[in-house]
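File shown here: final20.pdb, holding PDB, C-alpha atoms and all ligand atoms.
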```
MODEL        1
ATOM      1  CA  MET A   1      46.147  28.920   8.049  1.00  0.00           C
ATOM      2  CA  LYS A   2      42.498  27.866   8.327  1.00  0.00           C
ATOM      3  CA  VAL A   3      41.961  24.256   7.304  1.00  0.00           C
ATOM      4  CA  ASP A   4      38.458  22.983   6.535  1.00  0.00           C
ATOM      5  CA  ARG A   5      37.395  19.393   7.025  1.00  0.00           C
ATOM      6  CA  ARG A   6      37.953  18.362   3.421  1.00  0.00           C
ATOM      7  CA  GLN A   7      41.456  19.818   3.365  1.00  0.00           C
ATOM      8  CA  PHE A   8      42.139  18.108   6.705  1.00  0.00           C
ATOM      9  CA  ILE A   9      41.222  14.705   5.251  1.00  0.00           C
ATOM     10  CA  LYS A  10      43.507  15.306   2.274  1.00  0.00           C
ATOM     11  CA  ILE A  11      46.407  16.488   4.452  1.00  0.00           C
ATOM     12  CA  SER A  12      45.963  13.527   6.870  1.00  0.00           C
ATOM     13  CA  ALA A  13      45.767  11.034   4.019  1.00  0.00           C
ATOM     14  CA  GLY A  14      48.909  12.549   2.507  1.00  0.00           C
ATOM     15  CA  ALA A  15      50.808  12.422   5.824  1.00  0.00           C
ATOM     16  CA  ILE A  16      49.781   8.826   6.523  1.00  0.00           C
ATOM     17  CA  GLY A  17      50.593   7.884   2.920  1.00  0.00           C
ATOM     18  CA  ALA A  18      54.056   9.457   3.192  1.00  0.00           C
ATOM     19  CA  ALA A  19      54.768   7.616   6.467  1.00  0.00           C
ATOM     20  CA  VAL A  20      53.639   4.279   5.026  1.00  0.00           C
ATOM     21  CA  ALA A  21      55.605   4.910   1.836  1.00  0.00           C
ATOM     22  CA  ALA A  22      58.747   5.629   3.896  1.00  0.00           C
ATOM     23  CA  ASP A  23      58.280   2.359   5.843  1.00  0.00           C
ATOM     24  CA  ILE A  24      57.664   0.320   2.699  1.00  0.00           C
ATOM     25  CA  ALA A  25      60.546   2.024   0.880  1.00  0.00           C
ATOM     26  CA  GLY A  26      62.750   0.699   3.703  1.00  0.00           C
ATOM     27  CA  LEU A  27      61.750  -2.796   2.557  1.00  0.00           C
ATOM     28  CA  GLY A  28      62.804  -1.991  -0.987  1.00  0.00           C
ATOM     29  CA  VAL A  29      59.247  -1.747  -2.402  1.00  0.00           C
ATOM     30  CA  ASP A  30      58.510   1.033  -4.911  1.00  0.00           C
ATOM     31  CA  MET A  31      55.073   2.524  -4.112  1.00  0.00           C
ATOM     32  CA  SER A  32      55.249   5.443  -6.553  1.00  0.00           C
ATOM     33  CA  ALA A  33      52.856   3.899  -9.127  1.00  0.00           C
ATOM     34  CA  ALA A  34      50.234   3.139  -6.429  1.00  0.00           C
ATOM     35  CA  GLN A  35      50.586   6.645  -4.971  1.00  0.00           C
ATOM     36  CA  GLU A  36      50.196   8.210  -8.407  1.00  0.00           C
ATOM     37  CA  GLN A  37      47.060   6.148  -9.023  1.00  0.00           C
ATOM     38  CA  ALA A  38      45.609   7.010  -5.576  1.00  0.00           C
ATOM     39  CA  ALA A  39      46.137  10.734  -6.216  1.00  0.00           C
ATOM     40  CA  LYS A  40      43.880  10.467  -9.288  1.00  0.00           C
ATOM     41  CA  VAL A  41      40.900   9.093  -7.336  1.00  0.00           C
ATOM     42  CA  PRO A  42      38.506  12.053  -6.922  1.00  0.00           C
ATOM     43  CA  MET A  43      36.968  12.745  -3.506  1.00  0.00           C
ATOM     44  CA  LYS A  44      33.216  12.496  -3.787  1.00  0.00           C
ATOM     45  CA  THR A  45      31.181  15.395  -2.446  1.00  0.00           C
ATOM     46  CA  GLY A  46      27.536  15.666  -1.482  1.00  0.00           C
ATOM     47  CA  ARG A  47      25.314  16.157   1.547  1.00  0.00           C
ATOM     48  CA  GLN A  48      27.292  15.138   4.640  1.00  0.00           C
ATOM     49  CA  THR A  49      25.597  13.214   7.448  1.00  0.00           C
ATOM     50  CA  PRO A  50      27.635  12.224  10.532  1.00  0.00           C
ATOM     51  CA  SER A  51      27.307   8.569  11.449  1.00  0.00           C
ATOM     52  CA  LEU A  52      29.153   5.708  13.152  1.00  0.00           C
ATOM     53  CA  CYS A  53      30.827   2.638  11.729  1.00  0.00           C
ATOM     54  CA  PRO A  54      28.440  -0.280  12.282  1.00  0.00           C
ATOM     55  CA  TYR A  55      31.052  -3.008  12.527  1.00  0.00           C
ATOM     56  CA  CYS A  56      32.589  -3.012  15.997  1.00  0.00           C
ATOM     57  CA  SER A  57      32.488  -1.469  19.436  1.00  0.00           C
ATOM     58  CA  VAL A  58      35.340   0.972  18.760  1.00  0.00           C
ATOM     59  CA  GLY A  59      32.658   3.222  17.236  1.00  0.00           C
ATOM     60  CA  CYS A  60      34.770   5.121  14.697  1.00  0.00           C
ATOM     61  CA  ALA A  61      32.986   8.172  13.285  1.00  0.00           C
ATOM     62  CA  GLN A  62      31.988   8.395   9.663  1.00  0.00           C
ATOM     63  CA  ILE A  63      30.541  10.923   7.217  1.00  0.00           C
ATOM     64  CA  VAL A  64      27.927   9.525   4.856  1.00  0.00           C
ATOM     65  CA  MET A  65      27.777  11.434   1.555  1.00  0.00           C
ATOM     66  CA  THR A  66      24.481  11.469  -0.328  1.00  0.00           C
ATOM     67  CA  ASN A  67      23.527  13.014  -3.658  1.00  0.00           C
ATOM     68  CA  ASP A  68      20.436  15.097  -4.440  1.00  0.00           C
ATOM     69  CA  ALA A  69      18.363  11.926  -4.860  1.00  0.00           C
ATOM     70  CA  GLY A  70      19.311  10.834  -1.314  1.00  0.00           C
ATOM     71  CA  ARG A  71      21.463   7.992  -2.644  1.00  0.00           C
ATOM     72  CA  ILE A  72      24.671   7.188  -0.756  1.00  0.00           C
ATOM     73  CA  ILE A  73      27.700   8.004  -2.920  1.00  0.00           C
ATOM     74  CA  ASP A  74      30.522   7.603  -0.395  1.00  0.00           C
ATOM     75  CA  ILE A  75      31.320   6.930   3.279  1.00  0.00           C
ATOM     76  CA  GLN A  76      34.513   8.365   4.813  1.00  0.00           C
ATOM     77  CA  GLY A  77      36.126   8.751   8.226  1.00  0.00           C
ATOM     78  CA  ASN A  78      35.054  11.856  10.169  1.00  0.00           C
ATOM     79  CA  PRO A  79      38.049  14.007  11.249  1.00  0.00           C
ATOM     80  CA  ASP A  80      35.835  15.842  13.795  1.00  0.00           C
ATOM     81  CA  SER A  81      35.756  12.715  15.975  1.00  0.00           C
ATOM     82  CA  PRO A  82      38.129  12.960  18.981  1.00  0.00           C
ATOM     83  CA  LEU A  83      38.075   9.151  19.080  1.00  0.00           C
ATOM     84  CA  SER A  84      39.027   8.108  15.551  1.00  0.00           C
ATOM     85  CA  GLU A  85      40.164  11.470  14.081  1.00  0.00           C
ATOM     86  CA  GLY A  86      39.060  10.659  10.545  1.00  0.00           C
ATOM     87  CA  THR A  87      40.614   7.205  10.378  1.00  0.00           C
ATOM     88  CA  LEU A  88      38.866   3.922   9.596  1.00  0.00           C
ATOM     89  CA  CYS A  89      40.295   0.409   9.547  1.00  0.00           C
ATOM     90  CA  PRO A  90      39.993  -1.486   6.218  1.00  0.00           C
ATOM     91  CA  LYS A  91      36.675  -2.976   7.302  1.00  0.00           C
ATOM     92  CA  GLY A  92      35.206   0.401   8.271  1.00  0.00           C
ATOM     93  CA  ALA A  93      36.602   2.000   5.120  1.00  0.00           C
ATOM     94  CA  ALA A  94      34.585  -0.524   3.088  1.00  0.00           C
ATOM     95  CA  THR A  95      31.257   0.382   4.764  1.00  0.00           C
ATOM     96  CA  TYR A  96      29.985   1.836   1.483  1.00  0.00           C
ATOM     97  CA  GLN A  97      29.880  -1.706   0.103  1.00  0.00           C
ATOM     98  CA  LEU A  98      27.714  -2.802   2.997  1.00  0.00           C
ATOM     99  CA  VAL A  99      24.958  -0.441   1.859  1.00  0.00           C
ATOM    100  CA  MET A 100      25.467  -0.197  -1.898  1.00  0.00           C
ATOM    101  CA  ASN A 101      26.061  -3.750  -3.034  1.00  0.00           C
ATOM    102  CA  ASP A 102      24.021  -5.640  -5.617  1.00  0.00           C
ATOM    103  CA  LEU A 103      25.444  -8.929  -4.336  1.00  0.00           C
ATOM    104  CA  ARG A 104      24.213  -8.391  -0.784  1.00  0.00           C
ATOM    105  CA  TRP A 105      21.578 -10.870   0.394  1.00  0.00           C
ATOM    106  CA  THR A 106      18.354  -9.095   1.233  1.00  0.00           C
ATOM    107  CA  LYS A 107      16.242 -12.116   2.184  1.00  0.00           C
ATOM    108  CA  VAL A 108      16.338 -14.286   5.289  1.00  0.00           C
ATOM    109  CA  LYS A 109      18.041 -17.613   4.546  1.00  0.00           C
ATOM    110  CA  TYR A 110      16.548 -20.625   6.288  1.00  0.00           C
ATOM    111  CA  ARG A 111      17.783 -24.210   6.295  1.00  0.00           C
ATOM    112  CA  ALA A 112      15.332 -26.636   7.857  1.00  0.00           C
ATOM    113  CA  PRO A 113      16.660 -29.349  10.203  1.00  0.00           C
ATOM    114  CA  GLY A 114      18.059 -32.218   8.086  1.00  0.00           C
ATOM    115  CA  SER A 115      17.795 -30.214   4.841  1.00  0.00           C
ATOM    116  CA  ASP A 116      20.751 -29.797   2.483  1.00  0.00           C
ATOM    117  CA  HIS A 117      19.721 -26.437   1.022  1.00  0.00           C
ATOM    118  CA  TRP A 118      18.768 -22.905   2.020  1.00  0.00           C
ATOM    119  CA  GLU A 119      15.355 -21.384   1.381  1.00  0.00           C
ATOM    120  CA  ASP A 120      14.391 -17.709   1.096  1.00  0.00           C
ATOM    121  CA  ARG A 121      11.941 -16.637   3.800  1.00  0.00           C
ATOM    122  CA  SER A 122      10.416 -13.289   4.706  1.00  0.00           C
ATOM    123  CA  LEU A 123      11.640 -11.305   7.712  1.00  0.00           C
ATOM    124  CA  GLU A 124       8.164 -11.561   9.238  1.00  0.00           C
ATOM    125  CA  TRP A 125       8.287 -15.370   9.030  1.00  0.00           C
ATOM    126  CA  ALA A 126      11.755 -15.403  10.660  1.00  0.00           C
ATOM    127  CA  MET A 127      10.683 -13.087  13.505  1.00  0.00           C
ATOM    128  CA  ASN A 128       7.567 -15.156  14.217  1.00  0.00           C
ATOM    129  CA  ARG A 129       9.526 -18.436  14.089  1.00  0.00           C
ATOM    130  CA  THR A 130      12.166 -17.046  16.476  1.00  0.00           C
ATOM    131  CA  ALA A 131       9.507 -15.834  18.922  1.00  0.00           C
ATOM    132  CA  GLU A 132       7.728 -19.207  18.718  1.00  0.00           C
ATOM    133  CA  LEU A 133      10.902 -21.185  19.503  1.00  0.00           C
ATOM    134  CA  VAL A 134      11.983 -18.838  22.328  1.00  0.00           C
ATOM    135  CA  LYS A 135       8.563 -19.210  23.975  1.00  0.00           C
ATOM    136  CA  GLN A 136       8.485 -22.991  23.452  1.00  0.00           C
ATOM    137  CA  THR A 137      12.015 -23.528  24.821  1.00  0.00           C
ATOM    138  CA  ARG A 138      11.566 -21.128  27.712  1.00  0.00           C
ATOM    139  CA  ASP A 139       8.279 -22.750  28.800  1.00  0.00           C
ATOM    140  CA  ALA A 140       9.722 -26.287  28.526  1.00  0.00           C
ATOM    141  CA  HIS A 141      12.794 -25.420  30.640  1.00  0.00           C
ATOM    142  CA  PHE A 142      11.513 -22.797  33.066  1.00  0.00           C
ATOM    143  CA  ASN A 143      12.706 -23.164  36.679  1.00  0.00           C
ATOM    144  CA  GLU A 144      10.394 -21.806  39.309  1.00  0.00           C
ATOM    145  CA  PHE A 145      12.486 -23.248  42.160  1.00  0.00           C
ATOM    146  CA  GLN A 146      16.082 -24.409  42.421  1.00  0.00           C
ATOM    147  CA  GLU A 147      18.259 -26.074  45.083  1.00  0.00           C
ATOM    148  CA  LEU A 148      20.938 -23.524  45.988  1.00  0.00           C
ATOM    149  CA  PRO A 149      23.568 -23.255  48.772  1.00  0.00           C
ATOM    150  CA  ASP A 150      21.993 -21.842  51.921  1.00  0.00           C
ATOM    151  CA  GLY A 151      25.236 -20.210  53.131  1.00  0.00           C
ATOM    152  CA  LYS A 152      25.510 -22.638  56.049  1.00  0.00           C
ATOM    153  CA  GLY A 153      26.996 -25.595  54.206  1.00  0.00           C
ATOM    154  CA  GLY A 154      23.629 -27.012  53.189  1.00  0.00           C
ATOM    155  CA  MET A 155      21.183 -26.581  50.320  1.00  0.00           C
ATOM    156  CA  LYS A 156      17.897 -24.753  50.251  1.00  0.00           C
ATOM    157  CA  LYS A 157      15.055 -24.616  47.769  1.00  0.00           C
ATOM    158  CA  LYS A 158      14.788 -21.054  46.491  1.00  0.00           C
ATOM    159  CA  ARG A 159      12.427 -19.365  44.081  1.00  0.00           C
ATOM    160  CA  VAL A 160      14.458 -18.356  40.995  1.00  0.00           C
ATOM    161  CA  MET A 161      11.979 -17.976  38.067  1.00  0.00           C
ATOM    162  CA  ASN A 162      14.620 -18.444  35.364  1.00  0.00           C
ATOM    163  CA  THR A 163      15.717 -20.541  32.416  1.00  0.00           C
ATOM    164  CA  TYR A 164      19.192 -21.634  31.320  1.00  0.00           C
ATOM    165  CA  ALA A 165      17.921 -23.034  28.002  1.00  0.00           C
ATOM    166  CA  VAL A 166      17.926 -19.745  26.071  1.00  0.00           C
ATOM    167  CA  ALA A 167      20.780 -17.279  25.710  1.00  0.00           C
ATOM    168  CA  SER A 168      21.059 -13.848  24.130  1.00  0.00           C
ATOM    169  CA  LEU A 169      24.124 -12.609  22.253  1.00  0.00           C
ATOM    170  CA  GLY A 170      23.931  -8.905  21.398  1.00  0.00           C
ATOM    171  CA  GLY A 171      25.846  -6.906  18.824  1.00  0.00           C
ATOM    172  CA  ALA A 172      28.447  -4.238  19.569  1.00  0.00           C
ATOM    173  CA  THR A 173      26.454  -1.524  17.854  1.00  0.00           C
ATOM    174  CA  ILE A 174      23.335  -1.876  19.965  1.00  0.00           C
ATOM    175  CA  ASP A 175      22.862   1.516  21.650  1.00  0.00           C
ATOM    176  CA  ASN A 176      22.032   2.267  25.298  1.00  0.00           C
ATOM    177  CA  GLU A 177      18.282   2.534  24.765  1.00  0.00           C
ATOM    178  CA  TRP A 178      18.106  -0.741  22.859  1.00  0.00           C
ATOM    179  CA  ASN A 179      20.291  -2.452  25.498  1.00  0.00           C
ATOM    180  CA  TYR A 180      17.968  -1.221  28.246  1.00  0.00           C
ATOM    181  CA  ALA A 181      14.842  -2.529  26.481  1.00  0.00           C
ATOM    182  CA  HIS A 182      16.626  -5.782  25.586  1.00  0.00           C
ATOM    183  CA  GLN A 183      17.671  -6.459  29.197  1.00  0.00           C
ATOM    184  CA  LYS A 184      14.100  -5.810  30.332  1.00  0.00           C
ATOM    185  CA  LEU A 185      12.756  -8.303  27.793  1.00  0.00           C
ATOM    186  CA  MET A 186      15.373 -10.981  28.550  1.00  0.00           C
ATOM    187  CA  HIS A 187      15.043 -10.743  32.324  1.00  0.00           C
ATOM    188  CA  GLY A 188      11.244 -10.618  31.971  1.00  0.00           C
ATOM    189  CA  LEU A 189      11.468 -13.989  30.232  1.00  0.00           C
ATOM    190  CA  GLY A 190      13.783 -15.309  32.973  1.00  0.00           C
ATOM    191  CA  ILE A 191      16.792 -15.528  30.635  1.00  0.00           C
ATOM    192  CA  VAL A 192      20.021 -15.098  32.593  1.00  0.00           C
ATOM    193  CA  TYR A 193      22.651 -15.773  29.913  1.00  0.00           C
ATOM    194  CA  VAL A 194      22.817 -12.299  28.321  1.00  0.00           C
ATOM    195  CA  GLU A 195      26.116 -11.466  26.642  1.00  0.00           C
ATOM    196  CA  ASN A 196      27.535  -9.041  24.129  1.00  0.00           C
ATOM    197  CA  GLN A 197      29.666  -9.844  21.102  1.00  0.00           C
ATOM    198  CA  ALA A 198      32.134  -7.087  22.070  1.00  0.00           C
ATOM    199  CA  ARG A 199      33.179  -8.997  25.223  1.00  0.00           C
ATOM    200  CA  ILE A 200      34.012 -12.342  23.632  1.00  0.00           C
TER     201      ILE A 200
HETATM  202  S1  LIG A 301      36.452   1.440  11.461  1.00  0.00           S
HETATM  203 FE1  LIG A 301      37.185  -0.558  12.118  1.00  0.00          FE
HETATM  204  S2  LIG A 301      37.890  -0.211  14.241  1.00  0.00           S
HETATM  205 FE2  LIG A 301      36.546   1.512  13.690  1.00  0.00          FE
HETATM  206  S3  LIG A 301      34.486   0.896  14.405  1.00  0.00           S
HETATM  207 FE3  LIG A 301      34.681   0.289  12.250  1.00  0.00          FE
HETATM  208  S4  LIG A 301      35.366  -1.841  12.321  1.00  0.00           S
HETATM  209 FE4  LIG A 301      35.749  -0.946  14.340  1.00  0.00          FE
ENDMDL
END
```
Would you mind writing the file's structure down as structure tokens?
Amino acid sequence: MKVDRRQFIKISAGAIGAAVAADIAGLGVDMSAAQEQAAKVPMKTGRQTPSLCPYCSVGCAQIVMTNDAGRIIDIQGNPDSPLSEGTLCPKGAATYQLVMNDLRWTKVKYRAPGSDHWEDRSLEWAMNRTAELVKQTRDAHFNEFQELPDGKGGMKKKRVMNTYAVASLGGATIDNEWNYAHQKLMHGLGIVYVENQARI
């Protein structure tokens, strides 16, 4: 029997649902009403664009469905992925709400030192302010030389050209190219504390 991707999703969902139902039934919980309701939820169809979940470094694959107007109508797990095989955790399964959400903040929120409230600022203002503070802090705490062990039990003044006053914490979804450019920028500024959210 030839199974297309859409049928595969339905079969997988049914198999997982049956397994979960069997487990929960063992606890004496009747899931029949929830299963009946879930069966009524129609699968949305549209143009399919492969993508990746933006939330964590596992990198589960997704399919983004768009309608004729290019508007996102659904985001599902991609069964073609050898990594995630069509599954998404609850967070990844809610990715649609990350994009299509009237309650989502779309402005930069800024709270000035000592202030008790947040102010809306433009992204351009936030980028400029960040660059200004990085430059200021880096210049004020830049080490051209440092006393370091000389390997013979003593200390020796060595040229280091670095700063320990600024750190960079990257996100798990930054790709290879961005990571490469980011490392170049950070090391060019002398910043040595460069870490990634996925490792902490
Ligand atoms: S679906 Fe969940 S586990 Fe997979 S990448 Fe997204 S957040 Fe991570």
- Hits of the PyMOL selection byres (((not hetatm)) within 10 of (chain A and resi 301)) in this structure, as a PyMOL selection string: chain A and resi 52-62+76-77+83-84+86-95+172-173
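Interatomic distance, CA of Lys44 in chain A against CA of Ile73 in chain A: 7.2 Å.
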- Query: Interatomic distance between CA of Gln48 in chain A and CA of Glu177 in chain A?
  - Reply: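 We find that CA of Gln48 in chain A and CA of Glu177 in chain A lie 25.4 Å from each other.
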- the PyMOL selection byres (((chain A and resi 189-194) around 10) and not hetatm) applied to the shown file, residues as a VMD selection string: chain A and resid 134 to 135 138 to 139 142 to 144 160 to 170 182 to 188 195 to 196
- Message: At a cut-off of 6 Å, using all atoms listed in the file, what residues contact Gly46 in chain A? Leave out same-chain residues fewer than 5 positions from it and give the result as a list in words.
- Response: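 Once the nearby chain positions are removed, what remains is Met65, Thr66 and Asn67 of chain A.
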Would you compute the box with edges along x, y and z of the file around range 172-176 of chain A, including every atom the file lists for it and 5 Å extra on each side, and give its centre and edge lengths in Å to one decimal, as lines of an AutoDock Vina configuration file?
```
center_x = 25.2
center_y = -1.0
center_z = 21.6
size_x = 16.4
size_y = 16.5
size_z = 17.4
```
- Tell me which protein, DNA and RNA residues are within 12 Å of Arg129 in chain A, counting all atoms listed in the file, leaving out same-chain ones fewer than 6 positions away, and put them as number ranges by chain. A: 108, 110, 112, 121-123, 135-136
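CA of Trp178 in chain A to CA of Ala140 in chain A spans 27.5 Å [interatomic distance, one decimal].
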